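What follows is the content of input_16.txt, which has compact mmCIF, C-alpha atoms and all ligand atoms:
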```txt
# COMPACT_ATOMS: atom_id res chain seq x y z
CA MET C 1008 15.67 1.24 17.98
CA ILE C 1009 18.97 -0.37 17.11
CA ARG C 1010 19.73 -3.95 16.15
CA PHE C 1011 23.17 -5.45 15.87
CA ARG C 1012 24.61 -7.28 12.92
CA THR C 1013 27.90 -9.13 13.00
CA LEU C 1014 30.48 -7.84 10.57
CA TRP C 1015 34.24 -8.36 10.23
CA ALA C 1016 36.20 -5.56 11.83
CA ALA C 1017 38.77 -5.55 9.05
CA ALA C 1018 36.14 -4.93 6.41
CA LEU C 1019 34.93 -1.92 8.34
CA THR C 1020 38.13 -0.29 9.46
CA GLY C 1021 39.94 -0.79 6.15
CA CYS C 1022 43.57 0.17 5.96
CA LEU C 1023 44.31 2.66 8.68
CA ALA C 1024 48.04 2.65 8.17
CA LEU C 1025 50.05 2.08 5.00
CA THR C 1026 52.22 -0.40 6.80
CA ALA C 1027 49.18 -2.49 7.65
CA CYS C 1028 48.02 -2.40 4.03
CA ALA C 1029 51.38 -3.51 2.82
CA ASN C 1030 51.20 -6.60 5.00
CA PRO C 1031 50.10 -9.38 2.66
CA GLU C 1032 48.61 -11.49 5.46
CA PRO C 1033 46.90 -9.38 8.13
CA PRO C 1034 46.13 -11.14 11.40
CA PRO C 1035 42.59 -12.54 11.64
CA SER C 1036 40.14 -9.89 12.84
CA PRO C 1037 37.62 -10.44 15.61
CA GLU C 1038 33.90 -10.37 14.82
CA VAL C 1039 32.27 -7.14 15.95
CA GLU C 1040 28.65 -6.20 16.46
CA VAL C 1041 27.64 -3.29 14.24
CA PRO C 1042 24.46 -1.38 15.07
CA VAL C 1043 21.82 -1.22 12.32
CA PRO C 1044 19.43 1.68 12.87
CA LEU C 1045 15.81 0.50 12.76
CA PRO C 1046 12.74 2.52 11.79
CA ASP C 1047 10.59 4.03 14.53
CA GLY C 1048 7.70 1.84 15.53
CA ILE C 1049 9.13 -1.45 14.24
CA ASP C 1050 7.47 -4.38 16.01
CA PHE C 1051 9.11 -7.82 15.97
CA ASP C 1052 6.13 -9.41 17.72
CA PRO C 1053 3.07 -7.51 16.51
CA ASP C 1054 -0.38 -8.15 17.92
CA ILE C 1055 -2.29 -8.92 14.73
CA GLY C 1056 -5.53 -9.50 16.58
CA SER C 1057 -7.97 -12.33 16.22
CA ASP C 1058 -9.24 -13.42 12.83
CA PRO C 1059 -11.86 -10.80 11.90
CA ALA C 1060 -14.06 -13.54 10.37
CA ASP C 1061 -14.61 -11.40 7.34
CA THR C 1062 -18.06 -12.60 6.53
CA GLY C 1063 -21.55 -11.30 6.94
CA CYS C 1064 -21.31 -8.64 4.25
CA ASP C 1065 -20.40 -8.39 0.61
CA PRO C 1066 -17.35 -6.13 0.86
CA LEU C 1067 -17.63 -5.16 -2.81
CA ALA C 1068 -21.21 -3.88 -2.62
CA SER C 1069 -21.46 -0.09 -2.35
CA TYR C 1070 -24.21 2.49 -2.97
CA GLU C 1071 -26.07 2.87 -6.29
CA PRO C 1072 -25.11 6.14 -7.98
CA ASP C 1073 -28.82 7.05 -8.41
CA SER C 1074 -27.76 9.87 -10.78
CA ILE C 1075 -26.70 11.94 -7.80
CA GLY C 1076 -25.34 15.34 -8.90
CA ALA C 1077 -22.00 16.86 -7.96
CA ALA C 1078 -23.68 19.76 -6.12
CA GLU C 1079 -25.48 17.40 -3.75
CA ALA C 1080 -22.35 15.30 -3.12
CA ARG C 1081 -20.23 18.42 -2.51
CA GLU C 1082 -22.37 19.26 0.51
CA GLN C 1083 -20.59 16.41 2.29
CA LEU C 1084 -17.15 17.98 1.69
CA ASP C 1085 -15.68 20.08 4.47
CA ASP C 1086 -15.30 22.91 1.92
CA PRO C 1087 -17.60 22.38 -1.11
CA ASP C 1088 -14.99 23.85 -3.49
CA ARG C 1089 -12.03 21.73 -2.46
CA VAL C 1090 -11.43 18.05 -1.80
CA VAL C 1091 -9.03 16.88 0.91
CA VAL C 1092 -7.63 13.49 -0.09
CA GLY C 1093 -5.61 11.02 2.00
CA ILE C 1094 -2.88 9.43 -0.05
CA SER C 1095 0.54 7.80 0.22
CA GLN C 1096 3.44 9.96 -0.88
CA SER C 1097 6.11 7.26 -0.67
CA THR C 1098 4.65 4.28 -2.55
CA ASN C 1099 6.33 4.00 -5.93
CA LEU C 1100 3.77 3.49 -8.77
CA MET C 1101 0.75 4.13 -6.52
CA GLY C 1102 1.31 7.44 -4.68
CA TYR C 1103 4.76 9.02 -4.51
CA ARG C 1104 6.49 12.36 -4.93
CA ASP C 1105 8.24 12.60 -8.28
CA PRO C 1106 11.81 13.59 -7.33
CA VAL C 1107 12.20 15.77 -10.45
CA SER C 1108 8.87 17.64 -10.57
CA GLY C 1109 8.03 17.41 -6.86
CA ASP C 1110 4.47 16.48 -7.89
CA LEU C 1111 2.51 13.59 -6.44
CA SER C 1112 2.25 10.80 -9.02
CA GLY C 1113 0.97 7.25 -9.38
CA PHE C 1114 -2.10 5.13 -9.98
CA ASP C 1115 -3.98 6.14 -6.81
CA VAL C 1116 -3.05 9.78 -7.33
CA ASP C 1117 -4.38 9.80 -10.91
CA ILE C 1118 -7.61 8.03 -9.88
CA ALA C 1119 -8.03 10.65 -7.13
CA LYS C 1120 -7.30 13.59 -9.47
CA GLU C 1121 -9.91 12.32 -11.91
CA LEU C 1122 -12.50 11.99 -9.13
CA VAL C 1123 -11.70 15.48 -7.82
CA GLU C 1124 -12.07 16.96 -11.29
CA ARG C 1125 -15.47 15.30 -11.79
CA LEU C 1126 -16.61 16.40 -8.34
CA VAL C 1127 -15.46 20.04 -8.09
CA GLY C 1128 -14.58 20.86 -11.72
CA SER C 1129 -10.78 21.04 -11.46
CA ALA C 1130 -8.11 18.56 -10.38
CA ASP C 1131 -6.21 21.52 -8.91
CA ASP C 1132 -8.81 22.03 -6.19
CA VAL C 1133 -7.33 19.30 -4.06
CA GLN C 1134 -5.37 19.19 -0.84
CA TRP C 1135 -3.25 16.07 -0.42
CA VAL C 1136 -2.75 14.60 3.05
CA PRO C 1137 -0.04 11.92 3.20
CA MET C 1138 -0.71 9.05 5.58
CA THR C 1139 0.28 5.51 6.54
CA SER C 1140 -2.00 2.45 6.28
CA GLY C 1141 -2.88 2.58 9.98
CA GLU C 1142 -4.09 6.19 9.80
CA ARG C 1143 -6.75 5.81 7.10
CA GLU C 1144 -9.90 5.02 9.11
CA GLU C 1145 -9.20 7.73 11.69
CA ALA C 1146 -8.43 10.28 8.95
CA VAL C 1147 -11.84 9.98 7.28
CA ASN C 1148 -13.86 9.61 10.45
CA SER C 1149 -12.24 12.57 12.23
CA GLY C 1150 -12.98 14.76 9.18
CA ARG C 1151 -9.24 15.34 8.62
CA VAL C 1152 -9.79 14.28 5.00
CA ASP C 1153 -12.88 13.97 2.76
CA MET C 1154 -11.74 10.70 1.22
CA VAL C 1155 -8.83 8.24 1.18
CA VAL C 1156 -7.44 6.83 -2.06
CA ARG C 1157 -4.56 4.73 -0.74
CA THR C 1158 -4.33 1.02 -1.66
CA MET C 1159 -7.15 0.40 0.83
CA THR C 1160 -8.76 -3.02 0.86
CA MET C 1161 -12.53 -3.17 1.33
CA ASN C 1162 -13.50 -5.77 3.90
CA CYS C 1163 -16.38 -6.29 6.31
CA SER C 1164 -14.54 -5.12 9.43
CA ARG C 1165 -13.55 -1.87 7.69
CA TRP C 1166 -17.12 -1.38 6.43
CA GLU C 1167 -18.06 -1.08 10.11
CA GLU C 1168 -15.77 1.96 10.39
CA VAL C 1169 -16.07 3.71 7.01
CA GLU C 1170 -18.08 3.88 3.78
CA PHE C 1171 -16.45 2.56 0.61
CA SER C 1172 -16.90 3.20 -3.08
CA THR C 1173 -17.17 0.34 -5.53
CA GLU C 1174 -13.95 -1.51 -6.36
CA TYR C 1175 -11.47 0.60 -8.38
CA TYR C 1176 -8.61 -1.97 -8.41
CA HIS C 1177 -8.19 -5.63 -7.51
CA ALA C 1178 -4.81 -6.46 -5.94
CA GLY C 1179 -3.46 -9.57 -4.20
CA GLN C 1180 -0.80 -10.11 -1.54
CA ARG C 1181 2.55 -11.63 -2.58
CA LEU C 1182 6.19 -11.87 -1.40
CA LEU C 1183 9.28 -9.82 -2.29
CA VAL C 1184 12.66 -11.47 -1.63
CA ALA C 1185 16.32 -11.28 -2.65
CA SER C 1186 16.66 -13.18 -5.93
CA ASP C 1187 19.33 -15.43 -4.39
CA SER C 1188 17.34 -16.16 -1.19
CA GLY C 1189 16.05 -19.55 -2.31
CA ILE C 1190 12.53 -18.45 -1.28
CA GLU C 1191 10.14 -19.07 -4.15
CA GLY C 1192 6.82 -18.80 -2.35
CA LEU C 1193 4.94 -19.25 0.91
CA GLN C 1194 5.87 -22.94 1.04
CA ASP C 1195 9.55 -22.01 1.62
CA LEU C 1196 8.88 -19.85 4.68
CA THR C 1197 9.60 -21.39 8.09
CA GLY C 1198 9.12 -20.11 11.63
CA ASP C 1199 12.68 -18.72 11.47
CA HIS C 1200 11.86 -16.31 8.65
CA LEU C 1201 11.05 -12.68 9.50
CA VAL C 1202 8.65 -11.11 6.99
CA CYS C 1203 8.21 -7.34 7.04
CA THR C 1204 4.90 -5.65 6.35
CA GLY C 1205 2.78 -2.59 7.15
CA ALA C 1206 1.06 -2.12 10.51
CA GLY C 1207 -2.66 -1.38 10.32
CA SER C 1208 -2.96 -3.22 7.01
CA THR C 1209 -4.54 -6.52 6.03
CA SER C 1210 -1.09 -7.98 5.30
CA PRO C 1211 0.13 -9.20 8.75
CA ARG C 1212 -3.05 -11.26 9.27
CA ASN C 1213 -2.81 -12.78 5.77
CA ILE C 1214 0.83 -13.85 6.14
CA ALA C 1215 0.20 -15.24 9.65
CA ASP C 1216 -2.78 -17.23 8.36
CA ASP C 1217 -1.03 -18.60 5.29
CA SER C 1218 2.56 -19.30 6.41
CA GLU C 1219 4.77 -20.27 9.33
CA ALA C 1220 6.78 -17.03 9.09
CA GLN C 1221 7.00 -14.39 11.81
CA PRO C 1222 5.44 -11.06 10.72
CA VAL C 1223 7.40 -7.91 11.59
CA THR C 1224 5.48 -4.64 11.21
CA VAL C 1225 6.52 -1.06 10.54
CA PRO C 1226 4.16 1.95 10.40
CA ASP C 1227 5.18 2.69 6.79
CA PHE C 1228 5.64 -0.47 4.68
CA ASN C 1229 8.21 1.39 2.56
CA ASP C 1230 10.66 1.03 5.47
CA CYS C 1231 10.56 -2.72 4.81
CA LEU C 1232 12.71 -2.21 1.73
CA VAL C 1233 15.73 -0.99 3.73
CA LEU C 1234 15.20 -3.74 6.31
CA LEU C 1235 15.31 -6.38 3.56
CA GLN C 1236 18.38 -4.79 1.99
CA GLN C 1237 20.12 -4.73 5.40
CA GLY C 1238 19.29 -8.39 5.97
CA VAL C 1239 17.24 -7.63 9.10
CA VAL C 1240 14.22 -9.40 7.53
CA ASP C 1241 14.03 -12.24 5.00
CA ALA C 1242 11.10 -11.04 2.89
CA ILE C 1243 8.50 -8.32 2.47
CA THR C 1244 4.83 -9.03 2.04
CA THR C 1245 2.07 -6.68 0.93
CA ASP C 1246 -0.04 -6.09 -2.19
CA ASP C 1247 1.40 -6.92 -5.61
CA THR C 1248 0.94 -3.27 -6.68
CA ILE C 1249 3.20 -2.03 -3.87
CA LEU C 1250 5.78 -4.82 -4.25
CA ALA C 1251 6.08 -4.08 -8.00
CA GLY C 1252 7.05 -0.50 -7.11
CA MET C 1253 9.68 -1.71 -4.62
CA ALA C 1254 11.14 -4.26 -7.05
CA ILE C 1255 11.80 -1.48 -9.59
CA GLN C 1256 13.97 0.27 -6.99
CA ASP C 1257 16.29 -2.71 -6.43
CA PRO C 1258 17.14 -5.12 -9.27
CA THR C 1259 18.48 -7.70 -6.77
CA LEU C 1260 14.95 -8.31 -5.49
CA GLU C 1261 12.06 -10.21 -7.06
CA VAL C 1262 8.38 -10.80 -6.44
CA VAL C 1263 7.73 -14.53 -5.98
CA GLY C 1264 4.86 -16.98 -5.55
CA GLU C 1265 1.21 -16.63 -6.37
CA ALA C 1266 -1.08 -14.01 -4.84
CA PHE C 1267 -2.49 -15.48 -1.60
CA SER C 1268 -5.23 -12.97 -0.81
CA GLU C 1269 -7.90 -10.83 -2.45
CA GLU C 1270 -7.35 -7.09 -1.93
CA PRO C 1271 -10.15 -5.14 -3.64
CA TYR C 1272 -9.40 -1.40 -3.38
CA GLY C 1273 -12.12 1.10 -2.54
CA VAL C 1274 -12.15 4.85 -1.93
CA ALA C 1275 -13.00 5.38 1.76
CA PHE C 1276 -15.33 8.07 3.19
CA ALA C 1277 -16.57 8.93 6.69
CA LYS C 1278 -19.47 6.85 7.96
CA GLY C 1279 -22.64 8.51 6.67
CA ASP C 1280 -21.04 10.24 3.65
CA THR C 1281 -23.08 8.06 1.31
CA ASP C 1282 -23.79 10.88 -1.17
CA LEU C 1283 -20.07 11.25 -1.76
CA ALA C 1284 -19.81 7.47 -2.19
CA ARG C 1285 -22.72 7.47 -4.67
CA PHE C 1286 -21.18 10.27 -6.72
CA VAL C 1287 -17.77 8.58 -6.79
CA ASN C 1288 -19.41 5.29 -7.82
CA GLY C 1289 -21.05 7.05 -10.78
CA ALA C 1290 -17.71 8.66 -11.67
CA LEU C 1291 -15.89 5.30 -11.45
CA GLU C 1292 -18.49 3.69 -13.75
CA ASP C 1293 -17.97 6.56 -16.24
CA MET C 1294 -14.16 6.26 -15.99
CA ILE C 1295 -14.36 2.56 -16.77
CA ASP C 1296 -16.78 3.14 -19.69
CA ASP C 1297 -14.95 6.11 -21.24
CA GLY C 1298 -11.47 4.51 -21.09
CA THR C 1299 -10.01 6.83 -18.42
CA TRP C 1300 -9.49 3.96 -15.97
CA GLN C 1301 -7.68 1.92 -18.63
CA GLU C 1302 -5.42 4.87 -19.50
CA ILE C 1303 -4.41 5.24 -15.84
CA TYR C 1304 -3.78 1.47 -15.59
CA ASP C 1305 -1.68 1.53 -18.77
CA ARG C 1306 0.34 4.51 -17.51
CA TRP C 1307 1.30 3.08 -14.12
CA LEU C 1308 0.70 -0.63 -13.73
CA ALA C 1309 0.56 -2.37 -17.12
CA PRO C 1310 4.37 -2.26 -17.65
CA HIS C 1311 4.91 -4.07 -14.31
CA LEU C 1312 1.78 -6.14 -13.70
CA GLY C 1313 0.81 -7.07 -17.26
CA ALA C 1314 -1.12 -5.53 -20.15
CA GLU C 1315 -4.31 -7.33 -19.08
CA PRO C 1316 -5.74 -5.58 -16.01
CA PRO C 1317 -7.45 -7.56 -13.24
CA ASP C 1318 -11.24 -7.91 -13.53
CA LEU C 1319 -13.18 -5.34 -11.54
CA GLN C 1320 -16.61 -6.07 -10.15
CA THR C 1321 -19.00 -3.15 -9.80
CA LYS C 1322 -21.60 -4.22 -7.24
CA TYR C 1323 -24.36 -2.34 -5.46
CA GLN C 1324 -26.15 -3.06 -2.19
CA ASP C 1325 -29.84 -4.00 -2.20
CA GLU C 1326 -31.38 -1.00 -0.51
N1 LIG Q 1 -4.41 -3.29 0.73
C1 LIG Q 1 -3.95 -3.63 2.04
C2 LIG Q 1 -4.66 -2.82 3.09
O1 LIG Q 1 -5.48 -1.98 2.80
C3 LIG Q 1 -2.44 -3.51 2.18
C4 LIG Q 1 -1.86 -2.26 1.58
C5 LIG Q 1 -1.74 -1.08 2.52
O2 LIG Q 1 -1.35 -1.25 3.67
O3 LIG Q 1 -2.03 0.02 2.07
O4 LIG Q 1 -4.47 -3.01 4.25
```
Structure re-expressed in structure tokens:
Amino acid sequence: MIRFRTLWAAALTGCLALTACANPEPPPSPEVEVPVPLPDGIDFDPDIGSDPADTGCDPLASYEPDSIGAAEAREQLDDPDRVVVGISQSTNLMGYRDPVSGDLSGFDVDIAKELVERLVGSADDVQWVPMTSGEREEAVNSGRVDMVVRTMTMNCSRWEEVEFSTEYYHAGQRLLVASDSGIEGLQDLTGDHLVCTGAGSTSPRNIADDSEAQPVTVPDFNDCLVLLQQGVVDAITTDDTILAGMAIQDPTLEVVGEAFSEEPYGVAFAKGDTDLARFVNGALEDMIDDGTWQEIYDRWLAPHLGAEPPDLQTKYQDE
């Protein structure tokens, strides 16, 4: 898809002839429409569905570990010696390909590596499957992956589709804008503001509920960064973890306003893979107790989101 932006012809064509450049006062140039290439799947009027009325369950409550052993949990893997993990490979800080080493890196990636090591004995016995937000439920339920560790919020509607672990991070949705935009928070957004976010995520519903702005969705929220830089949209909204990674890439942008949603992250599994969920819950408890979780937080998020990590609640269902 292509959108048009108005630019001055003179600025684009530059000096085509020395004689023209020598002229101290060039004639005024007409405005021209310049096409801006847009990402595939961009939607300027997304259907964000009705309010899922996220009640009726405790989204944080998962399955008691019950001292389940790795051998038992591995029976729910497609191949008991290898774990196939859905991840993002383009989300700076959370899951991205290091341009120098070519390795996947980030908070989600390190949490996943640690879980894989505890489950099958080596973090090398993993197959990474990159995916967008909108692909996560289908990926676990079709058996394409054994688990998803990808900034995925646990909520009651998603619990109907997948199993979740206990909470391994607690994020919140915020706004990313150009520092000189004059937008300091939700209160400054009007119906004329276009706010870019990821399709298939919790973010479009949250921004529609909490502001006047018009959500614009793209399949991969990382495409929002270019759209903001091009001036096609006025702001980006998604989790603070993801926005922090975008802000690092462009010093003219800043994260503004308070968090306006709760985004507790869980590892997702196919419906029925409760042994895998139990094992991962035991591993997450151990990682919190033995300091591994804190090390991963300090490595990736503390420099950008503060030395004090958010509180995590480990909750189990009454069975
Ligand atoms: N945590 C939110 C979600 O799971 C937004 C981030 C994302 O799209 O991955 O929908």
Taking all atoms listed in the file into account, produce a table as JSON lines in which each residue of chain C with an atom at most 6 Å from an atom of ligand LIG 1 (chain Q) appears once, together with its shortest atom pair and the distance in Å to one decimal, ordered by chain and rising number.
```
{"residue": "C:Ser1140", "atom": "CA", "partner": "Q:LIG1", "partner_atom": "O2", "distance": 4.6}
{"residue": "C:Thr1158", "atom": "CA", "partner": "Q:LIG1", "partner_atom": "O3", "distance": 4.5}
{"residue": "C:Met1159", "atom": "CA", "partner": "Q:LIG1", "partner_atom": "O1", "distance": 3.5}
{"residue": "C:Thr1160", "atom": "CA", "partner": "Q:LIG1", "partner_atom": "O1", "distance": 4.0}
{"residue": "C:Gly1205", "atom": "CA", "partner": "Q:LIG1", "partner_atom": "O2", "distance": 5.6}
{"residue": "C:Ser1208", "atom": "CA", "partner": "Q:LIG1", "partner_atom": "O4", "distance": 3.2}
{"residue": "C:Thr1209", "atom": "CA", "partner": "Q:LIG1", "partner_atom": "O4", "distance": 3.9}
{"residue": "C:Ser1210", "atom": "CA", "partner": "Q:LIG1", "partner_atom": "C3", "distance": 5.6}
{"residue": "C:Thr1245", "atom": "CA", "partner": "Q:LIG1", "partner_atom": "C3", "distance": 5.7}
{"residue": "C:Asp1246", "atom": "CA", "partner": "Q:LIG1", "partner_atom": "C3", "distance": 5.6}
{"residue": "C:Glu1270", "atom": "CA", "partner": "Q:LIG1", "partner_atom": "N1", "distance": 5.5}
```
Hey, could you make a per-residue contact list for stretch 1238-1271 of chain C against stretch 1305-1313 of chain C with 12 Å as the cut-off, showing the nearest pair of atoms and its distance in Å to one decimal, counting all atoms listed in the file, sorted by chain and number, as JSON lines?
```
{"residue": "C:Asp1246", "atom": "CA", "partner": "C:Leu1312", "partner_atom": "CA", "distance": 11.7}
{"residue": "C:Asp1247", "atom": "CA", "partner": "C:Leu1312", "partner_atom": "CA", "distance": 8.1}
{"residue": "C:Thr1248", "atom": "CA", "partner": "C:Leu1308", "partner_atom": "CA", "distance": 7.5}
{"residue": "C:Ile1249", "atom": "CA", "partner": "C:Leu1308", "partner_atom": "CA", "distance": 10.3}
{"residue": "C:Leu1250", "atom": "CA", "partner": "C:His1311", "partner_atom": "CA", "distance": 10.1}
{"residue": "C:Ala1251", "atom": "CA", "partner": "C:His1311", "partner_atom": "CA", "distance": 6.4}
{"residue": "C:Gly1252", "atom": "CA", "partner": "C:His1311", "partner_atom": "CA", "distance": 8.3}
{"residue": "C:Met1253", "atom": "CA", "partner": "C:His1311", "partner_atom": "CA", "distance": 11.1}
{"residue": "C:Ala1254", "atom": "CA", "partner": "C:His1311", "partner_atom": "CA", "distance": 9.6}
{"residue": "C:Ile1255", "atom": "CA", "partner": "C:His1311", "partner_atom": "CA", "distance": 8.7}
{"residue": "C:Glu1261", "atom": "CA", "partner": "C:His1311", "partner_atom": "CA", "distance": 11.9}
{"residue": "C:Val1262", "atom": "CA", "partner": "C:Leu1312", "partner_atom": "CA", "distance": 10.9}
```
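Nearest to C:Val1155 of all the residues C:Glu1219, C:Asp1296, C:Asp1115, C:Glu1174 is C:Asp1115, based on only C-alpha atoms.
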Pick out the residues sitting within 6 Å of C:Tyr1323, and hand them over as an mmCIF file with C-alpha atoms, keeping the file's coordinate frame; count all atoms listed in the file, and ignore anything fewer than 4 positions along from it in its own chain.
```cif
data_model
loop_
_atom_site.group_PDB
_atom_site.id
_atom_site.type_symbol
_atom_site.label_atom_id
_atom_site.label_comp_id
_atom_site.auth_asym_id
_atom_site.auth_seq_id
_atom_site.Cartn_x
_atom_site.Cartn_y
_atom_site.Cartn_z
ATOM 1 C CA ALA C 1068 -21.210 -3.880 -2.620
ATOM 2 C CA SER C 1069 -21.460 -0.090 -2.350
ATOM 3 C CA TYR C 1070 -24.210 2.490 -2.970
ATOM 4 C CA GLU C 1071 -26.070 2.870 -6.290
#
```
**Q.** Pick from C:Met1138, C:Tyr1103, C:Thr1259, C:Asp1132 nearest to C:Asp1187, counting all atoms listed in the file
**A.**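 Of C:Met1138, C:Tyr1103, C:Thr1259, C:Asp1132, the one nearest C:Asp1187, counting all atoms listed in the file, is C:Thr1259.
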Q: Write out as a list in words which residues come within 9 Å of C:Asp1050 when counting all atoms listed in the file, dropping same-chain ones fewer than 2 positions away.
A: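 Here the answer would be Gly1048, Asp1052, Pro1053, Asp1054, Ala1206, Pro1222, Val1223, Thr1224 and Val1225 of chain C.
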Q. Using all atoms listed in the file, what residues lie at most 8 Å away from (8.1, -8.8, 5.2) (file coordinates), given as a ChimeraX atom specification?
A. /C:1182-1183,1201-1204,1222-1224,1231,1235,1240-1245
File of the preceding selection, C-alpha atoms, as a CSV table (one decimal), in the coordinates of the input:
```
chain,number,residue,atom,x,y,z
C,1182,LEU,CA,6.2,-11.9,-1.4
C,1183,LEU,CA,9.3,-9.8,-2.3
C,1201,LEU,CA,11.0,-12.7,9.5
C,1202,VAL,CA,8.6,-11.1,7.0
C,1203,CYS,CA,8.2,-7.3,7.0
C,1204,THR,CA,4.9,-5.6,6.4
C,1222,PRO,CA,5.4,-11.1,10.7
C,1223,VAL,CA,7.4,-7.9,11.6
C,1224,THR,CA,5.5,-4.6,11.2
C,1231,CYS,CA,10.6,-2.7,4.8
C,1235,LEU,CA,15.3,-6.4,3.6
C,1240,VAL,CA,14.2,-9.4,7.5
C,1241,ASP,CA,14.0,-12.2,5.0
C,1242,ALA,CA,11.1,-11.0,2.9
C,1243,ILE,CA,8.5,-8.3,2.5
C,1244,THR,CA,4.8,-9.0,2.0
C,1245,THR,CA,2.1,-6.7,0.9
```
Q | Shell around C:Ala1119 at 9 Å using all atoms listed in the file, local window under 4 positions removed, as a list in words | A |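 Surrounding residues, per the criterion: Val1092, Ile1094, Phe1114, Asp1115, Val1123, Glu1124, Ala1130, Val1155, Val1156 and Val1274 of chain C.
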Q: Could you jot down the atom CA of C:Asp1086 to atom CA of C:Glu1142 separation for me, Å, one decimal place?
A: 21.6 Å
Q. Between atom CA of C:Arg1165 and atom CA of C:Ile1055, what is the distance, to one decimal in Å?
A.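 Computed distance, atom CA of C:Arg1165 to atom CA of C:Ile1055, equals 15.0 Å.
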Show me, as a Markdown table, the residues of stretch 1124-1156 of chain C having an atom within 9 Å of stretch 1283-1294 of chain C, each with the closest atom pair and its distance in Å, using all atoms listed in the file.
```
| residue | atom | partner | partner_atom | distance |
| --- | --- | --- | --- | --- |
| C:Arg1125 | CA | C:Ala1290 | CA | 7.0 |
| C:Leu1126 | CA | C:Phe1286 | CA | 7.8 |
| C:Asp1153 | CA | C:Leu1283 | CA | 8.9 |
| C:Met1154 | CA | C:Leu1283 | CA | 8.9 |
```
Q: Give as JSON, numbers by chain each residue that has an atom at most 12 Å from (5.0, 14.0, -2.6) in the file, counting only C-alpha atoms.
A: {"C": [1093, 1094, 1095, 1096, 1097, 1098, 1099, 1101, 1102, 1103, 1104, 1105, 1106, 1107, 1108, 1109, 1110, 1111, 1112, 1113, 1116, 1134, 1135, 1136, 1137, 1138]}
Q: May I ask for the distance between atom CA of C:Gly1273 and atom CA of C:Ala1080, given in Å to one decimal place?
A: 17.5 Å
Q | For C:Asn1162, the nearest of the candidates C:Gln1180, C:Pro1316, C:Ala1275, C:Val1147, counting only C-alpha atoms | A | C:Ala1275
Q | Nearest to C:Ala1277, chosen from C:Ile1049, C:Leu1232, C:Leu1067, C:Ala1146, with only C-alpha atoms counted in the distances | A |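 Nearest to C:Ala1277: C:Ala1146.
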(Q) I need the residue nearest C:Glu1326 from this list: C:Asp1280, C:Ser1268, C:Arg1157, C:Asp1073. Use all atoms listed in the file for the distance. (A)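 The answer is C:Asp1073, which sits nearest to C:Glu1326.
Of the residues listed (C:Asp1117, C:Glu1315, C:Asp1282, C:Glu1144), C:Asp1282 shows the shortest atom-to-atom separation from C:Gly1076; distances use only C-alpha atoms.
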Please fill the gaps in stretch 1073-1082 of chain C so it has N, CA, C and O atoms, and write that as a PDB file, keeping the file's coordinate frame.
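Final file, rebuild-v8.pdb:
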```pdb
ATOM      1  N   ASP C1073     -27.523   6.350  -8.418  1.00  0.00           N
ATOM      2  CA  ASP C1073     -28.820   7.050  -8.410  1.00  0.00           C
ATOM      3  C   ASP C1073     -28.757   8.420  -9.058  1.00  0.00           C
ATOM      4  O   ASP C1073     -29.405   9.360  -8.590  1.00  0.00           O
ATOM      5  N   SER C1074     -27.965   8.578 -10.063  1.00  0.00           N
ATOM      6  CA  SER C1074     -27.760   9.870 -10.780  1.00  0.00           C
ATOM      7  C   SER C1074     -27.596  11.055  -9.839  1.00  0.00           C
ATOM      8  O   SER C1074     -28.120  12.145 -10.089  1.00  0.00           O
ATOM      9  N   ILE C1075     -26.904  10.835  -8.744  1.00  0.00           N
ATOM     10  CA  ILE C1075     -26.700  11.940  -7.800  1.00  0.00           C
ATOM     11  C   ILE C1075     -25.798  13.001  -8.461  1.00  0.00           C
ATOM     12  O   ILE C1075     -24.831  12.663  -9.148  1.00  0.00           O
ATOM     13  N   GLY C1076     -26.130  14.272  -8.275  1.00  0.00           N
ATOM     14  CA  GLY C1076     -25.340  15.340  -8.900  1.00  0.00           C
ATOM     15  C   GLY C1076     -24.177  15.750  -8.029  1.00  0.00           C
ATOM     16  O   GLY C1076     -24.158  15.516  -6.810  1.00  0.00           O
ATOM     17  N   ALA C1077     -23.199  16.425  -8.686  1.00  0.00           N
ATOM     18  CA  ALA C1077     -22.000  16.860  -7.960  1.00  0.00           C
ATOM     19  C   ALA C1077     -22.378  17.843  -6.849  1.00  0.00           C
ATOM     20  O   ALA C1077     -21.824  17.772  -5.745  1.00  0.00           O
ATOM     21  N   ALA C1078     -23.342  18.725  -7.112  1.00  0.00           N
ATOM     22  CA  ALA C1078     -23.680  19.760  -6.120  1.00  0.00           C
ATOM     23  C   ALA C1078     -24.140  19.117  -4.807  1.00  0.00           C
ATOM     24  O   ALA C1078     -23.732  19.531  -3.717  1.00  0.00           O
ATOM     25  N   GLU C1079     -24.976  18.092  -4.945  1.00  0.00           N
ATOM     26  CA  GLU C1079     -25.480  17.400  -3.750  1.00  0.00           C
ATOM     27  C   GLU C1079     -24.334  16.715  -2.995  1.00  0.00           C
ATOM     28  O   GLU C1079     -24.220  16.808  -1.773  1.00  0.00           O
ATOM     29  N   ALA C1080     -23.462  16.019  -3.747  1.00  0.00           N
ATOM     30  CA  ALA C1080     -22.350  15.300  -3.120  1.00  0.00           C
ATOM     31  C   ALA C1080     -21.377  16.276  -2.441  1.00  0.00           C
ATOM     32  O   ALA C1080     -20.849  15.996  -1.356  1.00  0.00           O
ATOM     33  N   ARG C1081     -21.186  17.448  -3.059  1.00  0.00           N
ATOM     34  CA  ARG C1081     -20.230  18.420  -2.510  1.00  0.00           C
ATOM     35  C   ARG C1081     -20.647  18.946  -1.142  1.00  0.00           C
ATOM     36  O   ARG C1081     -19.814  19.438  -0.380  1.00  0.00           O
ATOM     37  N   GLU C1082     -21.915  18.818  -0.817  1.00  0.00           N
ATOM     38  CA  GLU C1082     -22.370  19.260   0.510  1.00  0.00           C
ATOM     39  C   GLU C1082     -21.720  18.430   1.613  1.00  0.00           C
ATOM     40  O   GLU C1082     -21.664  18.841   2.766  1.00  0.00           O
TER      41      GLU C1082
END
```
